[in-house]
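See structure below.
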Amino acid sequence: MPKGSPVQALYELCRKTFVSSGTVASPLEIRRITTLMDSIRPEDVGLSDINLDDERGHGFFGRDLFRNFPSTRTARWSLPITYLHIYECENFTIGIFCLPTSSVIPLHDHPGMTVLSKILYGSMHVKAYDWIEPACMQSNGQVRLAKLQKDTVLTAPCPTSVLYPKSGGNLHCFTAISSCAVLDVLAPPYSEATGRFCTYYHDYPFSNFRNTTPEGITGINTEEPDEDHAWVARIEAPDDLYIRQGRYNGPSVQVYFPPIVCCFQ
């Protein structure tokens with residue numbers, strides 16, 4: 001395992017930065033990680049030209065429209081999102097999401113988490129919100145107001161994106177414009193044991209519930225245009241969301257453990 005691999009360097013920097021699951025790293029610490037992630041290329045994480053081609057797929061019906069039977073063509077179109085696991089501990093996780101063209105990771109949250117995302121190749125549309133605080137609910141309590149933070153297309157190479165527990169677009173949705181891959185660092189990772197569940201949402205235009213917006217709620221700037229806000233409702237995990245475990249072929253991580261100190265009396 002090459003000692004100087006970017007993956008090893010990323011692990012070591014995250015290990016020094018995310019020392020517990022209850023603290024948020026400083027802007028300087030985050031900037032050090034984003035600078036490193038900005039320099040990581042697909043080949044640094046084992047995404048060669050060959051397996052990039054495999055993960056991207058070939059559009060609706062594969063390379064040859066008439067070569068395969070309809071069932072095979074359908075399977076090619078419905079290629080699942082692939083997750084490549086690199087490393088995980090209780091304080092952070094490192095992995096890669098490979099999205100075929102037109103695939104979607106629906107709107108979801110990251111409770112109490114800092115997330116750094118680097119697009120390794122391809123192009124994706126990102127839509128992201130932050131909750132309006134204090135919480136502003138529609139009268140029936142089914143939808144909550146959020147402010148739009150990002151609604152744009154990102155194409156590699158581009159800077160690493162960062163979201164925080166309460167800012168930067170903690171709720172986001174990815175749609176693959178072309179096949180793409182995203183290197184993710186989550187700190188801390190999702191954990192059912194500690195109550196960090198991944199919750200999915202659907203967003204509605206602000207005007208859908210405009211007449212029911214409570215008046216005088218702190219945090220709502222009525223001078224901002226309607227398109228800057230949306231009502232967001234919690235939903236069950238979509239039935240058509242399929243994320244499979246793939247094989248990570250990049251450099252492995254050499255894990256360091258703190259020394260064990262024995263005290264004898």
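Labeling convention for the structure tokens: chains A, B, ... as they appear, residues from 1 per chain, ligands from 1 in order of appearance.
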
Please identify every residue of segment 110-191 of chain A that has at least one atom no farther than 12 Å from an atom of segment 1-16 of chain A, counting only C-alpha atoms, and for each give the shortest atom pair and the distance in Å to one decimal, arranged by chain then increasing number, as a tab-separated table.
```
residue	atom	partner	partner_atom	distance
A:Thr114	CA	A:Cys14	CA	11.7
A:Val115	CA	A:Cys14	CA	11.8
A:Leu116	CA	A:Cys14	CA	11.0
A:Leu183	CA	A:Val7	CA	10.5
A:Asp184	CA	A:Leu10	CA	11.0
A:Val185	CA	A:Cys14	CA	8.5
A:Leu186	CA	A:Cys14	CA	9.9
A:Ala187	CA	A:Cys14	CA	8.8
A:Pro188	CA	A:Cys14	CA	10.7
```

Residues of segment 130-187 of chain A within 10 Å of segment 29-48 of chain A: nearest atom pair and distance (Å, one decimal) for each, counting only C-alpha atoms, sorted by chain and number, as CSV?
```
residue,atom,partner,partner_atom,distance
A:Ala156,CA,A:Arg41,CA,9.9
A:Pro157,CA,A:Asp38,CA,8.3
A:Cys158,CA,A:Asp38,CA,7.6
A:Pro159,CA,A:Asp38,CA,5.9
A:Thr160,CA,A:Thr34,CA,5.7
A:Ser161,CA,A:Thr34,CA,7.9
A:Val162,CA,A:Thr34,CA,8.2
A:Ala181,CA,A:Pro42,CA,8.5
A:Val182,CA,A:Pro42,CA,9.7
A:Leu183,CA,A:Met37,CA,8.3
A:Asp184,CA,A:Met37,CA,9.5
A:Val185,CA,A:Ile33,CA,9.5
```

### Task
Between atom CA of Tyr129 of chain A and atom CA of His110 of chain A, measure the distance and give it in Å to one decimal.
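Interatomic distance here is 11.4 Å.
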
### Query
Do you have the atom CA of Gly246 of chain A-atom CA of Ser123 of chain A distance handy?
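Separation of atom CA of Gly246 of chain A and atom CA of Ser123 of chain A: 20.6 Å.
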
### Task
Have a look at A:Asn91, A:Ser252, A:Gln142, A:Ser26 and name the one nearest to Asp203 of chain A; count only C-alpha atoms.
A:Gln142

### Message
Residues near segment 226-230 of chain A, anyone? I mean within 7 Å using only C-alpha atoms, not counting same-chain ones fewer than 6 positions away, as a ChimeraX atom specification.
### Response
/A:145-148,203-207

### Selection near Cys180 of chain A, 6 Å with only C-alpha atoms, sequence-local residues under 4 positions removed, as a PyMOL selection string
chain A and resi 98-99+121-123
